[in-house]
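Structure data follow from data-v4.txt (compact mmCIF, C-alpha atoms):
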# COMPACT_ATOMS: atom_id res chain seq x y z
CA MET A 2 117.24 30.47 96.52
CA LYS A 3 115.02 30.32 99.57
CA PRO A 4 113.54 33.64 100.70
CA ILE A 5 115.75 35.73 102.96
CA VAL A 6 114.49 38.36 105.40
CA GLN A 7 116.78 41.35 105.92
CA ILE A 8 116.17 44.17 108.40
CA SER A 9 117.46 47.61 107.53
CA LEU A 10 118.88 49.30 110.62
CA ASP A 11 118.25 52.83 109.39
CA LEU A 12 119.04 54.25 112.81
CA THR A 13 121.55 56.85 113.97
CA ASN A 14 122.56 55.27 117.29
CA ILE A 15 124.54 52.05 117.57
CA ASP A 16 122.99 51.05 120.90
CA GLU A 17 119.47 51.26 119.49
CA ALA A 18 120.64 49.48 116.35
CA LEU A 19 122.07 46.62 118.43
CA GLU A 20 118.86 46.36 120.45
CA THR A 21 116.74 46.32 117.29
CA ALA A 22 119.04 43.76 115.68
CA ALA A 23 118.80 41.43 118.67
CA MET A 24 115.02 41.64 118.58
CA ALA A 25 115.05 40.96 114.83
CA MET A 26 117.22 37.88 115.29
CA ARG A 27 114.81 36.52 117.91
CA ALA A 28 111.96 37.07 115.46
CA GLY A 29 113.64 35.05 112.71
CA VAL A 30 115.34 37.68 110.52
CA ASP A 31 118.21 36.26 108.45
CA TRP A 32 120.38 39.25 107.51
CA LEU A 33 121.21 42.56 109.17
CA GLU A 34 121.73 45.75 107.21
CA ALA A 35 123.86 48.60 108.49
CA GLY A 36 121.65 51.24 106.90
CA THR A 37 123.02 54.41 105.38
CA PRO A 38 121.97 56.59 108.38
CA LEU A 39 123.77 54.19 110.74
CA ILE A 40 126.91 54.19 108.60
CA LEU A 41 126.88 57.99 108.45
CA ALA A 42 126.45 58.21 112.23
CA GLU A 43 128.70 55.36 113.38
CA GLY A 44 130.84 54.38 110.39
CA LEU A 45 133.16 51.41 110.65
CA HIS A 46 132.62 51.39 114.41
CA GLY A 47 128.95 50.55 113.93
CA VAL A 48 129.67 47.66 111.57
CA ARG A 49 132.32 46.30 113.95
CA LYS A 50 129.87 46.42 116.84
CA LEU A 51 127.26 44.54 114.81
CA ARG A 52 129.84 41.92 113.87
CA GLU A 53 130.96 41.51 117.49
CA ALA A 54 127.37 41.06 118.64
CA PHE A 55 126.34 38.77 115.77
CA PRO A 56 129.45 36.85 114.68
CA ASN A 57 127.69 34.48 112.28
CA VAL A 58 125.04 36.72 110.73
CA PRO A 59 125.42 38.22 107.22
CA ILE A 60 125.79 42.01 107.44
CA VAL A 61 124.95 44.28 104.51
CA ALA A 62 126.74 47.63 104.50
CA ASP A 63 124.48 50.03 102.61
CA LEU A 64 127.28 52.33 101.50
CA LYS A 65 125.58 53.44 98.29
CA THR A 66 129.09 53.65 96.87
CA MET A 67 129.60 56.19 94.07
CA ASP A 68 133.40 56.49 93.98
CA GLY A 69 136.50 55.13 95.70
CA GLY A 70 134.85 51.76 95.46
CA TYR A 71 137.72 49.41 96.22
CA LEU A 72 138.82 51.22 99.38
CA GLU A 73 135.27 51.51 100.71
CA ALA A 74 134.68 47.82 100.08
CA GLU A 75 137.98 46.84 101.67
CA MET A 76 137.35 48.93 104.80
CA MET A 77 133.82 47.69 105.35
CA THR A 78 134.82 44.08 104.73
CA LYS A 79 137.60 44.29 107.31
CA ALA A 80 135.05 45.78 109.74
CA GLY A 81 132.85 42.71 109.29
CA ALA A 82 130.47 43.36 106.39
CA THR A 83 129.64 40.42 104.14
CA HIS A 84 127.62 42.34 101.52
CA LEU A 85 128.20 45.81 100.06
CA VAL A 86 125.97 48.15 98.03
CA VAL A 87 127.21 50.02 94.95
CA MET A 88 125.06 52.33 92.86
CA ALA A 89 124.21 51.78 89.19
CA ARG A 90 124.58 55.54 88.67
CA ALA A 91 128.25 55.31 89.68
CA HIS A 92 130.84 55.13 86.92
CA GLU A 93 131.32 51.73 85.34
CA GLU A 94 134.87 51.60 86.71
CA THR A 95 133.61 52.07 90.27
CA ILE A 96 131.25 49.14 89.94
CA LYS A 97 134.05 47.04 88.46
CA VAL A 98 136.46 47.72 91.31
CA VAL A 99 133.81 46.97 93.93
CA VAL A 100 133.13 43.66 92.17
CA GLN A 101 136.89 43.00 92.16
CA ALA A 102 137.06 43.75 95.88
CA GLY A 103 134.24 41.28 96.36
CA LYS A 104 136.30 38.60 94.67
CA ASP A 105 139.47 39.54 96.56
CA TYR A 106 137.80 39.50 99.98
CA GLY A 107 135.14 36.84 99.45
CA ILE A 108 132.14 39.14 99.86
CA LYS A 109 129.00 39.73 97.83
CA VAL A 110 128.16 42.88 95.87
CA MET A 111 124.64 44.27 95.69
CA GLY A 112 124.02 46.69 92.82
CA ASP A 113 121.35 49.35 93.41
CA ASN A 114 119.42 50.81 90.45
CA LEU A 115 118.04 53.84 92.34
CA GLY A 116 117.70 56.84 90.06
CA CYS A 117 118.26 54.98 86.78
CA PRO A 118 116.29 56.47 83.87
CA ASP A 119 115.56 52.89 82.78
CA MET A 120 115.33 50.75 85.92
CA VAL A 121 115.25 47.44 84.05
CA ALA A 122 118.27 48.30 81.91
CA GLY A 123 120.07 49.52 85.02
CA ALA A 124 119.47 46.20 86.75
CA LYS A 125 120.75 44.25 83.74
CA TRP A 126 123.84 46.46 83.52
CA LEU A 127 124.66 45.78 87.17
CA GLU A 128 124.41 42.05 86.55
CA ASP A 129 126.57 42.31 83.42
CA LEU A 130 129.27 44.10 85.44
CA GLY A 131 129.37 41.24 87.93
CA CYS A 132 127.09 42.19 90.82
CA ASP A 133 125.86 39.21 92.81
CA PHE A 134 122.46 40.77 93.64
CA VAL A 135 120.28 43.55 92.25
CA ILE A 136 118.42 46.02 94.48
CA HIS A 137 115.43 47.47 92.66
CA HIS A 138 115.04 50.72 94.57
CA ILE A 139 112.62 53.65 94.57
CA GLY A 140 114.21 56.32 96.76
CA TYR A 141 112.88 57.93 99.93
CA ASP A 142 113.15 61.49 98.60
CA GLU A 143 111.76 60.46 95.22
CA ARG A 144 108.66 58.90 96.77
CA ARG A 145 107.97 61.75 99.14
CA GLY A 146 108.65 64.47 96.58
CA ILE A 147 106.34 62.98 93.98
CA ALA A 148 103.60 62.45 96.58
CA ALA A 149 103.99 66.06 97.76
CA LYS A 150 103.12 67.18 94.22
CA GLY A 151 99.85 65.31 94.46
CA GLN A 152 101.00 62.56 92.13
CA ARG A 153 100.90 58.81 92.68
CA MET A 154 103.84 57.64 94.73
CA PRO A 155 105.91 55.16 92.69
CA SER A 156 106.51 51.66 94.06
CA PRO A 157 109.24 49.12 93.33
CA LEU A 158 106.44 46.66 92.60
CA ASP A 159 105.55 48.66 89.47
CA GLN A 160 108.46 47.11 87.52
CA LEU A 161 109.56 44.32 89.83
CA ARG A 162 108.50 41.49 87.53
CA GLU A 163 110.29 43.13 84.60
CA VAL A 164 113.49 43.48 86.64
CA VAL A 165 113.30 39.89 87.88
CA ASN A 166 112.78 38.64 84.31
CA ALA A 167 115.70 40.70 83.00
CA VAL A 168 118.36 39.24 85.31
CA LYS A 169 119.47 35.87 86.62
CA VAL A 170 120.83 37.08 89.97
CA PRO A 171 118.54 37.40 93.02
CA VAL A 172 116.56 40.63 93.29
CA GLN A 173 115.53 42.72 96.27
CA ALA A 174 112.75 45.35 96.12
CA VAL A 175 113.21 48.46 98.27
CA GLY A 176 111.23 51.63 98.75
CA GLY A 177 108.14 52.31 100.83
CA LEU A 178 106.62 48.84 100.69
CA SER A 179 103.72 48.06 103.01
CA LEU A 180 103.83 44.91 105.12
CA GLU A 181 101.57 43.12 102.66
CA GLN A 182 103.70 44.18 99.71
CA ALA A 183 106.95 43.10 101.37
CA ILE A 184 105.49 39.67 102.09
CA GLN A 185 104.44 39.38 98.43
CA CYS A 186 107.95 39.98 97.04
CA PRO A 187 108.89 36.28 96.75
CA ALA A 188 105.74 35.76 94.68
CA TYR A 189 107.21 38.25 92.19
CA GLY A 190 110.40 36.19 92.04
CA ALA A 191 112.33 38.50 94.39
CA PRO A 192 113.59 36.32 97.29
CA LEU A 193 115.48 38.99 99.25
CA VAL A 194 112.91 40.78 101.37
CA VAL A 195 114.11 43.88 103.19
CA LEU A 196 112.14 45.29 106.11
CA GLY A 197 112.82 48.90 106.98
CA ALA A 198 111.12 52.27 106.95
CA PRO A 199 108.18 52.45 107.33
CA LEU A 200 107.71 48.82 108.40
CA THR A 201 110.05 48.62 111.37
CA ILE A 202 111.54 52.10 111.58
CA ASP A 203 109.77 55.43 112.02
CA ALA A 204 110.43 56.93 108.58
CA ASP A 205 110.47 60.52 109.82
CA SER A 206 112.54 60.26 112.99
CA PHE A 207 114.61 57.18 112.03
CA LYS A 208 113.87 55.54 115.36
CA THR A 209 112.53 52.07 116.05
CA ALA A 210 108.81 51.94 115.38
CA ASP A 211 106.42 51.81 118.34
CA GLY A 212 104.27 48.81 119.15
CA ASP A 213 104.92 45.09 119.47
CA LEU A 214 107.50 44.98 116.73
CA GLU A 215 108.94 41.58 117.63
CA SER A 216 105.63 39.75 117.28
CA SER A 217 104.95 41.50 113.99
CA LEU A 218 108.39 40.63 112.67
CA ARG A 219 108.00 37.00 113.71
CA LEU A 220 104.75 36.73 111.78
CA ILE A 221 106.27 38.42 108.73
CA CYS A 222 109.30 36.12 108.80
CA GLU A 223 107.11 33.03 109.06
CA LYS A 224 105.05 34.09 106.05
CA ILE A 225 108.08 34.93 103.93
CA HIS A 226 109.99 31.78 104.88
CA ALA A 227 106.93 29.71 103.97
CA TYR A 228 107.62 30.35 100.28
CA GLY A 229 109.60 27.70 98.49
CA ASP A 230 112.69 28.36 96.40
CA VAL A 231 112.39 31.55 94.35

Taking this structure as input, can you express it in the form of structure tokens?
Amino acid sequence: MKPIVQISLDLTNIDEALETAAMAMRAGVDWLEAGTPLILAEGLHGVRKLREAFPNVPIVADLKTMDGGYLEAEMMTKAGATHLVVMARAHEETIKVVVQAGKDYGIKVMGDNLGCPDMVAGAKWLEDLGCDFVIHHIGYDERRGIAAKGQRMPSPLDQLREVVNAVKVPVQAVGGLSLEQAIQCPAYGAPLVVLGAPLTIDADSFKTADGDLESSLRLICEKIHAYGDV
């Protein structure tokens, strides 16, 4: 598939999220993500508002589903989400029912391997259970906690090639990537590039980053879209 640029709206206010989303669309972003902080703050209302404002844009609901998978998927789909996130650390049955909801409602399921003891095996397991995409994810708390101990902060790039080689579905790398690293993801075989904290969102306050974000995003999108099929 051709590279896709997704912006993670990890904000806690729907008005700011809508403003950021509009700017991202002008800059050339392809998909919008209702980030977990936004879903916690605004819930279904936030997803509905995004859908009303952007009727034809794919919307990822980063639910990080762990249980009650079918109902969560059904609710978010009816609110306007086109993609849903379920965790590899959830029970197998939860992943299965989210995949079934995807089939029933014509949406795509993104399986997230955050916290898996074996990240590559976790990615393969998600694919085997029917997920349409794999998110290879090093968590926010994990990164910060390890760095606070004076140890090297892990990066999703550490095992990205292994994950890509282990599955046939498209892969997205998430977790503290720099601008340069995010732009490199298609070169690793991961066509779904997500831009979020700390690229476009202030990672500590969860507010839109300062500076000329639109120009930066436009340049990033141009570079990522310049890759051929991945």

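For segment 185-197 of chain A, the non-local neighbours within 8 Å, defined as residues at least 2 positions apart in the same chain or in other chains and counting all atoms listed in the file, are A:Met2, A:Lys3, A:Pro4, A:Ile5, A:Val6, A:Gln7, A:Ile8, A:Ser9, A:Leu10, A:Asp11, A:Leu161, A:Arg162, A:Val165, A:Pro171, A:Val172, A:Gln173, A:Ala174, A:Val175, A:Glu181, A:Gln182, A:Ala183, A:Pro199, A:Leu200, A:Thr201, A:Ile202, A:Ile225, A:Tyr228, A:Val231.
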
Using C-alpha atoms, can you write the selected residues to a file as a PDB file, in the coordinates of the input?
ATOM      1  CA  MET A   2     117.240  30.470  96.520  1.00  0.00           C
ATOM      2  CA  LYS A   3     115.020  30.320  99.570  1.00  0.00           C
ATOM      3  CA  PRO A   4     113.540  33.640 100.700  1.00  0.00           C
ATOM      4  CA  ILE A   5     115.750  35.730 102.960  1.00  0.00           C
ATOM      5  CA  VAL A   6     114.490  38.360 105.400  1.00  0.00           C
ATOM      6  CA  GLN A   7     116.780  41.350 105.920  1.00  0.00           C
ATOM      7  CA  ILE A   8     116.170  44.170 108.400  1.00  0.00           C
ATOM      8  CA  SER A   9     117.460  47.610 107.530  1.00  0.00           C
ATOM      9  CA  LEU A  10     118.880  49.300 110.620  1.00  0.00           C
ATOM     10  CA  ASP A  11     118.250  52.830 109.390  1.00  0.00           C
ATOM     11  CA  LEU A 161     109.560  44.320  89.830  1.00  0.00           C
ATOM     12  CA  ARG A 162     108.500  41.490  87.530  1.00  0.00           C
ATOM     13  CA  VAL A 165     113.300  39.890  87.880  1.00  0.00           C
ATOM     14  CA  PRO A 171     118.540  37.400  93.020  1.00  0.00           C
ATOM     15  CA  VAL A 172     116.560  40.630  93.290  1.00  0.00           C
ATOM     16  CA  GLN A 173     115.530  42.720  96.270  1.00  0.00           C
ATOM     17  CA  ALA A 174     112.750  45.350  96.120  1.00  0.00           C
ATOM     18  CA  VAL A 175     113.210  48.460  98.270  1.00  0.00           C
ATOM     19  CA  GLU A 181     101.570  43.120 102.660  1.00  0.00           C
ATOM     20  CA  GLN A 182     103.700  44.180  99.710  1.00  0.00           C
ATOM     21  CA  ALA A 183     106.950  43.100 101.370  1.00  0.00           C
ATOM     22  CA  PRO A 199     108.180  52.450 107.330  1.00  0.00           C
ATOM     23  CA  LEU A 200     107.710  48.820 108.400  1.00  0.00           C
ATOM     24  CA  THR A 201     110.050  48.620 111.370  1.00  0.00           C
ATOM     25  CA  ILE A 202     111.540  52.100 111.580  1.00  0.00           C
ATOM     26  CA  ILE A 225     108.080  34.930 103.930  1.00  0.00           C
ATOM     27  CA  TYR A 228     107.620  30.350 100.280  1.00  0.00           C
ATOM     28  CA  VAL A 231     112.390  31.550  94.350  1.00  0.00           C
TER      29      VAL A 231
END

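Neighbouring residues of segment 33-41 of chain A at 8 Å or closer, counting only C-alpha atoms and skipping chain neighbours under 2 positions away, are A:Gln7, A:Ile8, A:Ser9, A:Leu10, A:Asp11, A:Leu12, A:Thr13, A:Asn14, A:Ile15, A:Ala18, A:Ala22, A:Val30, A:Asp31, A:Glu43, A:Gly44, A:Leu45, A:Gly47, A:Val48, A:Val58, A:Pro59, A:Ile60, A:Val61, A:Ala62, A:Asp63, A:Leu64, A:Lys65.
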
Computed interatomic separation between atom CA of Glu53 of chain A and atom CA of Ala25 of chain A (Å): 16.1 Å

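Taking all atoms listed in the file into account, the protein, DNA and RNA residues within 12 Å of (115.6, 56.1, 85.8) read Ala89, Arg90, Asp113, Asn114, Leu115, Gly116, Cys117, Pro118, Asp119, Met120, Val121, Ala122, Gly123, Ala124, His137, His138, Ile139, Gly140, Glu143, Pro155 and Gln160 of chain A.
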
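Between atom CA of Lys97 of chain A and atom CA of Leu130 of chain A there is a distance of 6.4 Å.
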
Students should find that atom CA of Arg144 of chain A and atom CA of Cys132 of chain A are spaced 25.6 Å

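The smallest atom-to-atom distance between Met26 of chain A and any of A:Asp142, A:Glu128, A:Asn57, A:Arg49, using all atoms listed in the file, is found for A:Asn57.
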
Can you tell me which residues surround Ala102 of chain A at a distance of at most 9 Å, considering all atoms listed in the file, apart from same-chain residues fewer than 3 positions away, and format the answer as a PyMOL selection string? chain A and resi 70-72+74-75+97-99+105-108+110

Please determine the residues with any atom at most 12 Å from (114.2, 41.9, 119.3) (coordinates as given in the file, with all atoms listed in the file counting) and report them as a PyMOL selection string. chain A and resi 8+17-30+201+209+213-219

Once 4 Å is added on each side, what are the centre and the three edge lengths, in Å to one decimal, of the axis-aligned box enclosing the listed atoms of segment 159-174 of chain A? Present them as AutoDock Vina command-line options.
--center_x 113.2 --center_y 42.3 --center_z 89.6 --size_x 23.3 --size_y 20.8 --size_z 21.3

With a distance cut-off of 9 Å and all atoms listed in the file, select the neighbouring residues of Tyr141 of chain A, excluding the residue or stretch itself and same-chain residues fewer than 5 positions from it, and output the selection as a VMD selection string. chain A and resid 146 176 to 177

Identify, on the basis of only C-alpha atoms, every residue whose closest approach to Lys109 of chain A does not exceed 7 Å; exclude the query and any residue fewer than 5 positions from it along the same chain; express the result as a PyMOL selection string. chain A and resi 83-85+103+133
